[in-house]
$ cat work05.txt   # compact mmCIF, C-alpha atoms
# COMPACT_ATOMS: atom_id res chain seq x y z
CA MET G 1 151.40 87.16 94.42
CA THR G 2 151.25 83.36 94.03
CA GLY G 3 148.05 81.33 94.29
CA ALA G 4 149.16 79.92 97.64
CA THR G 5 149.85 83.43 98.97
CA ARG G 6 146.47 84.67 97.77
CA LEU G 7 144.82 81.69 99.44
CA VAL G 8 146.45 82.54 102.78
CA ALA G 9 145.31 86.15 102.42
CA LEU G 10 141.75 85.13 101.55
CA ALA G 11 141.32 82.56 104.32
CA ARG G 12 140.44 83.95 107.72
CA ARG G 13 143.09 82.53 109.99
CA PRO G 14 141.83 80.74 113.10
CA GLY G 15 141.95 82.94 116.16
CA VAL G 16 140.28 83.53 119.49
CA TYR G 17 136.86 85.14 119.24
CA LEU G 18 134.57 86.56 121.88
CA ARG G 19 132.00 83.79 121.51
CA GLU G 20 134.65 81.14 122.14
CA LEU G 21 135.71 82.95 125.29
CA GLY G 22 132.04 83.34 126.17
CA ALA G 23 131.46 79.59 125.90
CA ALA G 24 134.48 78.90 128.09
CA ALA G 25 133.32 81.52 130.61
CA ALA G 26 129.79 80.07 130.68
CA LEU G 27 131.22 76.61 131.29
CA GLY G 28 133.36 77.96 134.12
CA LEU G 29 130.39 79.68 135.75
CA LEU G 30 128.27 76.54 135.47
CA LEU G 31 131.02 74.46 137.09
CA LEU G 32 131.34 77.00 139.90
CA LEU G 33 127.58 76.83 140.47
CA LEU G 34 127.76 73.04 140.61
CA ALA G 35 130.73 73.18 142.99
CA GLY G 36 128.62 75.15 145.44
CA ALA G 37 125.17 73.60 144.92
CA ALA G 38 125.95 70.01 143.88
CA PRO G 39 129.56 68.99 144.64
CA ARG G 40 128.63 65.34 143.94
CA PHE G 41 128.73 66.31 140.26
CA PHE G 42 132.53 66.17 140.44
CA ALA G 43 132.68 62.54 141.52
CA PRO G 44 135.29 60.78 139.32
CA GLY G 45 132.73 58.28 138.06
CA ASN G 46 130.35 61.00 136.91
CA LEU G 47 133.10 62.96 135.16
CA ARG G 48 134.29 59.80 133.42
CA ASP G 49 130.74 59.01 132.28
CA LEU G 50 130.38 62.55 130.93
CA ALA G 51 133.63 62.28 128.95
CA VAL G 52 132.67 58.92 127.46
CA ALA G 53 129.11 59.97 126.60
CA ASN G 54 130.20 63.22 124.91
CA ALA G 55 133.25 61.92 123.05
CA PRO G 56 131.08 60.76 120.08
CA VAL G 57 129.34 64.15 120.10
CA LEU G 58 132.72 65.88 119.84
CA ILE G 59 133.73 63.74 116.85
CA ILE G 60 130.55 64.67 114.97
CA ALA G 61 130.92 68.31 116.02
CA ILE G 62 134.39 68.38 114.43
CA GLY G 63 132.88 67.43 111.08
CA MET G 64 129.96 69.83 111.59
CA THR G 65 132.42 72.66 112.23
CA LEU G 66 133.99 72.06 108.82
CA VAL G 67 130.58 72.12 107.13
CA LEU G 68 129.55 75.34 108.87
CA LEU G 69 132.87 76.95 108.00
CA THR G 70 131.95 76.58 104.32
CA GLY G 71 128.61 78.31 104.94
CA HIS G 72 126.45 75.17 104.91
CA VAL G 73 124.70 73.03 107.50
CA ASP G 74 123.77 69.36 107.91
CA ILE G 75 120.73 68.52 110.01
CA SER G 76 120.69 64.85 109.01
CA VAL G 77 123.49 63.68 111.29
CA GLY G 78 121.06 62.20 113.82
CA SER G 79 119.53 59.96 111.15
CA HIS G 80 122.96 59.04 109.75
CA PHE G 81 124.07 58.21 113.28
CA ALA G 82 121.10 55.85 113.69
CA VAL G 83 121.68 54.13 110.33
CA CYS G 84 125.38 53.61 111.08
CA SER G 85 124.65 52.37 114.61
CA VAL G 86 122.20 49.74 113.38
CA ALA G 87 124.51 48.78 110.50
CA ALA G 88 127.38 48.23 112.93
CA ALA G 89 125.22 46.02 115.14
CA LEU G 90 123.86 43.96 112.23
CA LEU G 91 127.31 43.43 110.73
CA ALA G 92 128.72 42.36 114.09
CA ARG G 93 125.81 40.00 114.65
CA ALA G 94 126.45 38.52 111.20
CA GLY G 95 129.90 37.51 112.37
CA LEU G 96 132.20 40.17 110.88
CA PRO G 97 135.29 40.98 112.97
CA MET G 98 135.10 44.38 114.62
CA PRO G 99 137.88 45.94 112.48
CA LEU G 100 135.87 45.06 109.36
CA VAL G 101 132.69 46.31 110.99
CA LEU G 102 134.37 49.65 111.69
CA ALA G 103 135.75 49.89 108.14
CA ALA G 104 132.40 49.04 106.54
CA VAL G 105 130.44 51.49 108.67
CA VAL G 106 132.97 54.27 108.06
CA LEU G 107 132.58 53.67 104.32
CA LEU G 108 128.79 53.78 104.70
CA GLY G 109 129.02 57.06 106.61
CA ALA G 110 131.29 58.58 103.97
CA VAL G 111 128.82 57.58 101.25
CA LEU G 112 125.86 59.07 103.13
CA GLY G 113 127.75 62.29 103.79
CA GLY G 114 129.04 62.39 100.22
CA LEU G 115 125.49 62.02 98.92
CA ASN G 116 124.48 65.16 100.81
CA GLY G 117 127.59 66.90 99.51
CA TRP G 118 126.86 65.93 95.92
CA PHE G 119 123.37 67.42 96.00
CA VAL G 120 124.67 70.61 97.63
CA ALA G 121 127.89 71.04 95.65
CA ARG G 122 126.97 69.76 92.20
CA LEU G 123 123.27 70.65 92.01
CA ALA G 124 123.60 73.85 94.10
CA LEU G 125 120.64 72.89 96.28
CA PRO G 126 120.31 74.56 99.71
CA SER G 127 122.04 72.38 102.28
CA VAL G 128 119.24 72.75 104.81
CA VAL G 129 116.70 71.45 102.27
CA VAL G 130 118.89 68.54 101.18
CA THR G 131 119.74 67.42 104.69
CA LEU G 132 116.17 67.86 105.92
CA ALA G 133 115.08 65.49 103.16
CA THR G 134 117.75 62.90 103.90
CA MET G 135 117.07 63.21 107.63
CA VAL G 136 113.46 62.14 107.06
CA ILE G 137 114.31 59.51 104.42
CA TRP G 138 116.93 57.70 106.51
CA ARG G 139 115.04 57.96 109.79
CA ASP G 140 111.73 56.71 108.39
CA GLY G 141 113.45 54.11 106.22
CA LEU G 142 115.27 52.75 109.25
CA ARG G 143 112.07 52.76 111.28
CA TRP G 144 110.34 50.77 108.53
CA ALA G 145 113.25 48.30 108.22
CA THR G 146 113.64 47.63 111.95
CA GLU G 147 110.02 48.25 112.98
CA GLY G 148 111.48 50.21 115.88
CA ALA G 149 113.08 47.12 117.40
CA TRP G 150 116.47 47.11 119.07
CA VAL G 151 119.27 44.99 117.58
CA GLN G 152 119.90 42.23 120.10
CA GLY G 153 121.99 39.08 120.29
CA LEU G 154 125.27 40.87 119.68
CA PRO G 155 128.54 38.93 120.05
CA ALA G 156 130.64 39.32 123.18
CA GLY G 157 133.38 41.08 121.21
CA PHE G 158 131.04 43.93 120.22
CA GLN G 159 130.67 45.69 123.55
CA TRP G 160 133.76 47.75 124.35
CA PHE G 161 135.50 46.12 121.34
CA GLY G 162 135.93 43.04 123.50
CA LEU G 163 138.06 44.98 126.00
CA SER G 164 137.35 45.65 129.64
CA GLN G 165 134.91 48.48 130.30
CA ARG G 166 137.63 50.78 131.58
CA SER G 167 139.87 50.10 128.56
CA GLY G 168 136.91 50.56 126.22
CA GLU G 169 136.08 53.91 127.80
CA TRP G 170 139.66 55.11 127.41
CA THR G 171 139.59 53.97 123.77
CA ILE G 172 136.52 56.13 123.08
CA VAL G 173 137.97 59.23 124.77
CA LEU G 174 141.36 58.75 123.09
CA ALA G 175 139.71 58.42 119.66
CA ALA G 176 137.89 61.73 120.20
CA ALA G 177 141.11 63.43 121.35
CA LEU G 178 143.01 62.19 118.29
CA ALA G 179 140.21 63.35 115.98
CA LEU G 180 140.32 66.79 117.60
CA LEU G 181 144.10 67.06 117.25
CA ALA G 182 143.93 65.95 113.61
CA GLY G 183 141.22 68.52 112.90
CA VAL G 184 143.11 71.35 114.60
CA TYR G 185 146.29 70.52 112.69
CA SER G 186 144.45 70.30 109.37
CA LEU G 187 142.69 73.64 109.77
CA ARG G 188 145.82 75.45 110.94
CA SER G 189 148.57 73.90 108.86
CA LEU G 190 147.22 72.27 105.70
CA ARG G 191 146.19 73.87 102.42
CA ALA G 192 142.88 72.01 102.68
CA GLY G 193 142.13 73.77 105.96
CA ARG G 194 142.86 77.18 104.48
CA ALA G 195 140.65 76.28 101.52
CA ILE G 196 137.73 75.62 103.86
CA TYR G 197 138.06 79.05 105.44
CA ALA G 198 138.50 80.67 102.03
CA VAL G 199 135.38 79.06 100.55
CA GLY G 200 133.34 80.03 103.60
CA SER G 201 134.61 83.60 103.49
CA ASP G 202 133.98 84.23 99.77
CA PRO G 203 133.30 81.32 97.37
CA GLU G 204 133.74 83.42 94.24
CA ALA G 205 137.03 84.88 95.41
CA ALA G 206 138.17 81.38 96.34
CA ARG G 207 137.36 80.21 92.81
CA LEU G 208 139.34 83.09 91.33
CA VAL G 209 142.49 82.05 93.25
CA GLY G 210 142.25 78.54 91.84
CA LEU G 211 140.09 76.65 94.35
CA ARG G 212 137.16 74.41 93.51
CA PRO G 213 134.44 75.42 96.01
CA ASP G 214 132.24 72.52 94.87
CA LEU G 215 134.97 69.99 95.70
CA VAL G 216 135.64 71.64 99.05
CA VAL G 217 131.94 71.52 99.96
CA PHE G 218 131.65 67.90 98.80
CA GLY G 219 134.72 67.05 100.86
CA VAL G 220 133.51 68.56 104.13
CA PHE G 221 130.15 66.79 103.87
CA THR G 222 131.99 63.52 103.25
CA VAL G 223 134.23 64.14 106.26
CA LEU G 224 131.17 64.85 108.40
CA GLY G 225 129.59 61.57 107.25
CA THR G 226 132.79 59.75 108.16
CA CYS G 227 132.92 61.41 111.58
CA THR G 228 129.29 60.48 112.20
CA ALA G 229 129.97 56.85 111.34
CA VAL G 230 132.99 56.66 113.68
CA ALA G 231 130.95 58.28 116.45
CA ALA G 232 128.09 55.84 115.89
CA VAL G 233 130.38 52.83 116.30
CA LEU G 234 132.08 54.28 119.38
CA ASN G 235 128.71 55.04 120.96
CA SER G 236 127.21 51.64 120.08
CA ILE G 237 129.97 49.60 121.69
CA ARG G 238 129.00 51.04 125.06
CA PHE G 239 125.90 48.82 125.09
CA SER G 240 124.97 45.18 124.64
CA GLU G 241 121.99 46.17 122.46
CA VAL G 242 121.59 48.94 119.86
CA GLN G 243 118.51 51.15 119.59
CA GLY G 244 116.77 51.45 116.26
CA ASN G 245 116.01 55.10 117.02
CA ALA G 246 119.50 56.12 118.15
CA GLY G 247 120.53 59.73 117.64
CA VAL G 248 117.13 61.39 118.04
CA GLY G 249 117.79 65.09 118.67
CA LEU G 250 121.53 64.64 118.15
CA GLU G 251 121.64 67.19 115.33
CA ILE G 252 120.36 69.92 117.67
CA LYS G 253 122.98 69.18 120.30
CA VAL G 254 125.80 69.10 117.76
CA LEU G 255 124.69 72.31 116.04
CA ALA G 256 124.23 74.10 119.34
CA SER G 257 127.69 73.01 120.48
CA VAL G 258 129.39 74.25 117.32
CA VAL G 259 127.48 77.53 117.14
CA VAL G 260 127.91 78.43 120.81
CA GLY G 261 131.60 77.61 120.36
CA GLY G 262 131.91 80.57 117.99
CA THR G 263 131.61 79.09 114.50
CA LEU G 264 129.79 81.55 112.28
CA ILE G 265 126.71 79.97 110.68
CA THR G 266 127.32 81.95 107.50
CA GLY G 267 130.81 80.47 107.16
CA GLY G 268 134.41 81.59 107.19
CA ARG G 269 135.01 81.90 110.93
CA GLY G 270 135.38 79.50 113.80
CA THR G 271 137.83 77.11 115.45
CA LEU G 272 137.78 73.62 116.87
CA ALA G 273 138.92 75.00 120.23
CA GLY G 274 135.59 76.82 120.37
CA THR G 275 133.79 73.65 119.31
CA LEU G 276 135.43 71.75 122.17
CA ALA G 277 134.24 74.43 124.62
CA GLY G 278 130.73 74.25 123.16
CA VAL G 279 130.57 70.45 123.41
CA ALA G 280 131.81 70.60 127.01
CA LEU G 281 129.22 73.26 127.91
CA LEU G 282 126.30 71.43 126.32
CA GLY G 283 127.52 68.08 127.62
CA VAL G 284 127.68 69.35 131.18
CA LEU G 285 124.36 71.18 130.91
CA GLY G 286 122.06 68.15 130.76
CA THR G 287 123.64 66.39 133.73
CA ALA G 288 123.89 69.68 135.63
CA LEU G 289 120.13 70.19 135.35
CA THR G 290 119.58 66.81 137.02
CA PHE G 291 122.03 67.55 139.83
CA LEU G 292 120.44 70.97 140.37
CA GLY G 293 116.96 69.44 140.60
CA ILE G 294 115.70 71.00 137.34
CA ASN G 295 113.56 68.99 134.94
CA PRO G 296 116.01 67.59 132.33
CA PHE G 297 113.40 68.10 129.60
CA TRP G 298 114.54 71.75 129.63
CA GLU G 299 117.84 70.65 128.04
CA LYS G 300 116.42 70.59 124.49
CA ALA G 301 114.80 73.99 125.01
CA ALA G 302 118.14 75.36 126.22
CA GLN G 303 119.91 73.96 123.15
CA GLY G 304 117.39 75.58 120.80
CA GLY G 305 117.66 78.86 122.68
CA ILE G 306 121.45 78.77 122.40
CA ILE G 307 121.25 78.37 118.62
CA LEU G 308 118.75 81.24 118.37
CA LEU G 309 120.78 83.57 120.59
CA ALA G 310 124.04 82.76 118.81
CA SER G 311 122.45 83.36 115.41
CA ALA G 312 120.97 86.65 116.59
CA ALA G 313 124.36 87.70 117.97
CA ASP G 314 125.99 87.00 114.60
CA ALA G 315 123.31 88.99 112.79
CA LEU G 316 123.65 91.96 115.14
CA ALA G 317 127.43 91.87 114.87
CA GLY G 318 127.15 91.89 111.09
CA LEU G 319 124.78 94.86 111.14
CA ALA G 320 127.09 96.76 113.47
CA ALA G 321 130.10 96.05 111.25
CA ARG G 322 128.30 97.24 108.11
CA ARG G 323 127.11 100.38 109.91
CA THR G 324 130.67 101.10 111.01
CA VAL G 325 131.92 100.72 107.45
CA ARG G 326 129.27 103.11 106.12
CA LEU G 327 130.09 105.71 108.77
CA ALA G 328 133.77 105.45 107.96

$ encode --input "work05.txt" --output "structure tokens"
Amino acid sequence: MTGATRLVALARRPGVYLRELGAAAALGLLLLLLAGAAPRFFAPGNLRDLAVANAPVLIIAIGMTLVLLTGHVDISVGSHFAVCSVAAALLARAGLPMPLVLAAVVLLGAVLGGLNGWFVARLALPSVVVTLATMVIWRDGLRWATEGAWVQGLPAGFQWFGLSQRSGEWTIVLAAALALLAGVYSLRSLRAGRAIYAVGSDPEAARLVGLRPDLVVFGVFTVLGTCTAVAAVLNSIRFSEVQGNAGVGLEIKVLASVVVGGTLITGGRGTLAGTLAGVALLGVLGTALTFLGINPFWEKAAQGGIILLASAADALAGLAARRTVRLA
């Protein structure tokens, strides 16, 4: 058996799992409830706003899916998002053309993500500890640097990339769609995608078939940093000013979206189709609460509950599988 064949055998091929179907079913039920109780939710303007607002979340969730597939987690994406948002605004205000602003911020995001990956992959530190530390460092450092002030005085070409609002909105949604298609293709068809599943399934077995788990882990963290930077720019261009505290709570929403979409928090299983369903469900949830007359502050509690329930479901499924194996 060749190394490539062993890699295919080791990697858990993407498929349809119950939690993915559950997320899609929950989204369908929520939409049915809204159709009966709040049909104004389906106004074209509201649906367009939802798509534009959640497109950056989807881009980050794509990168987060890759990290979770390797058995790690990154809870610093909200802070990285804020740093990249402010950096984009400051560079634009300094007079850089928007293509150079995008390139510079993407490089910054890759460096921030790669730094997390280096600590996790090379020093074998727990990813939750590393990213908790960088979350606090970048958030508090940014707060100290900006004193909590918004970045104002941005050039006219910053908002919507200098396009009309409608064209700018389509650009954001199209960018998210292209990122999703690229991610799906990579996980299904490229050796790198199979390597991610293999490392998440069994790092030692992946090493024995010729993979470098440390490089794979470093790579997925770098990709997540890049995705976060792209999302930060796409989100920032929606406004004429940029908040210094952008992205607060973003990590919870992204994690909840990926987990409820069926990605196993211990690695090795999950698909971007499930992530899309999770982002759609969580994206609709906040606005749905408002249309249903429920206090929107419950949204964060619902996100935390979703993570807890999904984690408990994974644990129970694992116990049941081990019990079945012992009985057999």

$ closest_residue --input "work05.txt" --among "G:Glu169, G:Glu241, G:Glu147, G:Asp202" --to "Ser85 of chain G" --atoms "all atoms listed in the file"
G:Glu241

$ atom_distance --input "work05.txt" --atom1 "atom CA of Gly113 of chain G" --atom2 "atom CA of Phe218 of chain G"
8.5 Å

$ residues_around --input "work05.txt" --residues "Thr131 of chain G" --least-positions-apart "3" --cutoff "12 Å" --atoms "all atoms listed in the file" --output "number ranges by chain"
G: 72-80, 112-120, 125-128, 134-139, 221, 225, 251

$ atom_distance --input "work05.txt" --atom1 "atom CA of Ile196 of chain G" --atom2 "atom CA of Thr70 of chain G"
5.9 Å

$ axis_aligned_box --input "work05.txt" --around "segment 293-304 of chain G" --padding-each-side "6 Å" --output "AutoDock Vina command-line options"
--center_x 116.7 --center_y 71.6 --center_z 130.7 --size_x 18.5 --size_y 20.0 --size_z 31.8

$ closest_residue --input "work05.txt" --among "G:Val101, G:Ile237, G:Ile294, G:Leu308" --to "Val259 of chain G" --atoms "all atoms listed in the file"
G:Leu308

$ closest_residue --input "work05.txt" --among "G:Val223, G:Leu68, G:Ala176, G:Ala302" --to "Ile265 of chain G" --atoms "all atoms listed in the file"
G:Leu68

$ residues_around --input "work05.txt" --residues "Val151 of chain G" --least-positions-apart "4" --cutoff "10 Å" --atoms "all atoms listed in the file" --output "ChimeraX atom specification"
/G:85-90,93,146,240-244

$ atom_distance --input "work05.txt" --atom1 "atom CA of Trp170 of chain G" --atom2 "atom CA of Asn235 of chain G"
12.7 Å
